[in-house]
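Contents: one structure, followed by commentary.
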Amino acid sequence: MDPTKNARTRRPSRSGRSRAATGLTAALLGLVALTGCGDSGSGTHESTPSAPTSVTATGNVEVVVKNYTFTPTNVSIPVGATITWKFEDSVQHNVTASDQSFKSADLSSGQTFAMTFTKSGTFPYTCTIHPYMTGTITVR
Ligand SMILES: [Cu+2]
């Protein structure tokens with residue numbers, strides 16, 4: 001390679017005509033506001049599925065992976081029960097046990113990952129793409 005030849009990485013700037021793209025970004029920001037749920041503060045909601053963070057189950061459980069969150073976040077199940085993670089986010093996530101005892105591929109919306117727990121214990125897990133996504137399976 002001849003170092004004197006790399007002048008071609010610099011192309012002659014013609015003019016700044018790429019300004020139109022910023023309007024699209026502003027339009028997308030408007031969508032984010034739609035999901036806000038007005039919290040009235042009183043306890044008279046009837047069937048508000050206010051995303052439980054902890055669930056104690058007697059059988060199999062579905063965990064929804066959406067909005068960069070595992071819901072419910074903490075699940076307690078009996079030995080032999082199956083957890084099925086349902087991926088419903090616009091980006092890929094995975095489910096990876098901290099002790100590597102289970103690990104999914106990177107999955108997209110519409111896909112699922114199931115794991116049957118045959119040993120009691122506490123199994124924290126995360127999405128390795130977004131390590132701030134965490135959950136715990138407690139097998140009792
Ligand atoms: Cu993720």
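Ordering of the structure tokens sets the chain letters (A, B, ...); residue numbers start at 1 within each chain; ligands are numbered from 1 in the order shown.
Using only C-alpha atoms and all ligand atoms, residues with at least one atom at most 8 Å away from any atom of ligand 1 are Tyr68, Val91, Gln92, His93, Asn94, Cys127, Thr128, Ile129, His130, Pro131 and Met133 of chain A.
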Selection near range 100-111 of chain A, 12 Å with only C-alpha atoms, sequence-local residues under 6 positions removed, as an mmCIF file with N, CA and C atoms, in the first residue's frame:
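Listing of out-v4.cif after writing:
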data_model
loop_
_atom_site.group_PDB
_atom_site.id
_atom_site.type_symbol
_atom_site.label_atom_id
_atom_site.label_comp_id
_atom_site.auth_asym_id
_atom_site.auth_seq_id
_atom_site.Cartn_x
_atom_site.Cartn_y
_atom_site.Cartn_z
ATOM 1 N N VAL A 64 -42.889 -11.352 29.132
ATOM 2 C CA VAL A 64 -42.888 -10.545 27.918
ATOM 3 C C VAL A 64 -41.635 -9.682 27.887
ATOM 4 N N VAL A 65 -40.966 -9.712 26.746
ATOM 5 C CA VAL A 65 -39.767 -8.899 26.568
ATOM 6 C C VAL A 65 -40.140 -7.750 25.643
ATOM 7 N N LYS A 66 -40.286 -6.572 26.251
ATOM 8 C CA LYS A 66 -40.796 -5.435 25.499
ATOM 9 C C LYS A 66 -40.333 -4.154 26.182
ATOM 10 N N ASN A 67 -40.141 -3.151 25.386
ATOM 11 C CA ASN A 67 -39.700 -1.860 25.932
ATOM 12 C C ASN A 67 -38.462 -2.019 26.819
ATOM 13 N N ILE A 83 -40.639 -21.474 31.864
ATOM 14 C CA ILE A 83 -40.767 -20.047 31.559
ATOM 15 C C ILE A 83 -40.655 -19.893 30.046
ATOM 16 N N THR A 84 -41.605 -19.170 29.479
ATOM 17 C CA THR A 84 -41.530 -18.849 28.057
ATOM 18 C C THR A 84 -41.397 -17.336 27.906
ATOM 19 N N TRP A 85 -40.299 -16.929 27.323
ATOM 20 C CA TRP A 85 -40.101 -15.498 27.062
ATOM 21 C C TRP A 85 -40.667 -15.178 25.686
ATOM 22 N N LYS A 86 -41.542 -14.195 25.650
ATOM 23 C CA LYS A 86 -42.129 -13.757 24.380
ATOM 24 C C LYS A 86 -41.505 -12.429 23.988
ATOM 25 N N PHE A 87 -40.857 -12.414 22.858
ATOM 26 C CA PHE A 87 -40.153 -11.211 22.421
ATOM 27 C C PHE A 87 -41.100 -10.342 21.608
ATOM 28 N N GLU A 88 -41.295 -9.125 22.066
ATOM 29 C CA GLU A 88 -42.255 -8.226 21.413
ATOM 30 C C GLU A 88 -41.677 -6.832 21.232
ATOM 31 N N ASP A 89 -40.371 -6.747 21.148
ATOM 32 C CA ASP A 89 -39.783 -5.414 21.041
ATOM 33 C C ASP A 89 -39.345 -5.138 19.608
ATOM 34 N N SER A 90 -39.089 -3.880 19.334
ATOM 35 C CA SER A 90 -38.685 -3.487 17.982
ATOM 36 C C SER A 90 -37.214 -3.782 17.723
ATOM 37 N N VAL A 91 -36.501 -4.117 18.777
ATOM 38 C CA VAL A 91 -35.095 -4.485 18.616
ATOM 39 C C VAL A 91 -34.891 -5.888 19.180
ATOM 40 N N GLN A 92 -33.781 -6.489 18.839
ATOM 41 C CA GLN A 92 -33.490 -7.835 19.316
ATOM 42 C C GLN A 92 -33.035 -7.824 20.768
ATOM 43 N N HIS A 93 -33.414 -8.873 21.470
ATOM 44 C CA HIS A 93 -32.930 -9.084 22.830
ATOM 45 C C HIS A 93 -32.558 -10.555 22.971
ATOM 46 N N ASN A 94 -31.920 -10.861 24.085
ATOM 47 C CA ASN A 94 -31.694 -12.263 24.422
ATOM 48 C C ASN A 94 -31.911 -12.453 25.906
ATOM 49 N N PHE A 117 -37.249 -25.383 34.229
ATOM 50 C CA PHE A 117 -36.328 -25.341 35.363
ATOM 51 C C PHE A 117 -36.507 -26.587 36.221
ATOM 52 N N THR A 118 -35.473 -27.376 36.296
ATOM 53 C CA THR A 118 -35.556 -28.657 36.988
ATOM 54 C C THR A 118 -34.803 -28.665 38.310
ATOM 55 N N LYS A 119 -34.148 -27.553 38.621
ATOM 56 C CA LYS A 119 -33.426 -27.476 39.889
ATOM 57 C C LYS A 119 -33.880 -26.239 40.640
ATOM 58 N N GLY A 121 -33.466 -23.010 43.041
ATOM 59 C CA GLY A 121 -32.395 -22.030 43.154
ATOM 60 C C GLY A 121 -32.865 -20.691 42.624
ATOM 61 N N THR A 122 -31.971 -19.737 42.656
ATOM 62 C CA THR A 122 -32.268 -18.399 42.152
ATOM 63 C C THR A 122 -31.397 -18.149 40.936
ATOM 64 N N PHE A 123 -32.064 -17.782 39.846
ATOM 65 C CA PHE A 123 -31.358 -17.649 38.579
ATOM 66 C C PHE A 123 -31.528 -16.243 38.003
ATOM 67 N N PRO A 124 -30.652 -15.344 38.344
ATOM 68 C CA PRO A 124 -30.694 -14.019 37.714
ATOM 69 C C PRO A 124 -30.251 -14.111 36.259
ATOM 70 N N TYR A 125 -30.858 -13.280 35.426
ATOM 71 C CA TYR A 125 -30.493 -13.299 34.016
ATOM 72 C C TYR A 125 -30.528 -11.880 33.467
ATOM 73 N N THR A 126 -30.008 -11.723 32.277
ATOM 74 C CA THR A 126 -29.930 -10.420 31.668
ATOM 75 C C THR A 126 -30.034 -10.562 30.161
ATOM 76 N N CYS A 127 -30.161 -9.436 29.488
ATOM 77 C CA CYS A 127 -29.982 -9.395 28.043
ATOM 78 C C CYS A 127 -28.574 -8.866 27.825
ATOM 79 N N THR A 128 -27.743 -9.662 27.185
ATOM 80 C CA THR A 128 -26.341 -9.235 27.077
ATOM 81 C C THR A 128 -26.170 -8.069 26.106
ATOM 82 N N ILE A 129 -27.179 -7.832 25.273
ATOM 83 C CA ILE A 129 -27.100 -6.664 24.381
ATOM 84 C C ILE A 129 -27.358 -5.394 25.176
ATOM 85 N N HIS A 130 -28.259 -5.503 26.156
ATOM 86 C CA HIS A 130 -28.625 -4.355 26.990
ATOM 87 C C HIS A 130 -28.503 -4.805 28.449
ATOM 88 N N ILE A 137 -35.352 -15.560 37.970
ATOM 89 C CA ILE A 137 -36.239 -16.701 38.112
ATOM 90 C C ILE A 137 -35.866 -17.406 39.418
#
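Closest approach to Phe70 in chain A among A:Pro52, A:Ala114, A:Thr134, A:Thr58 is made by A:Thr134 (distances from only C-alpha atoms).
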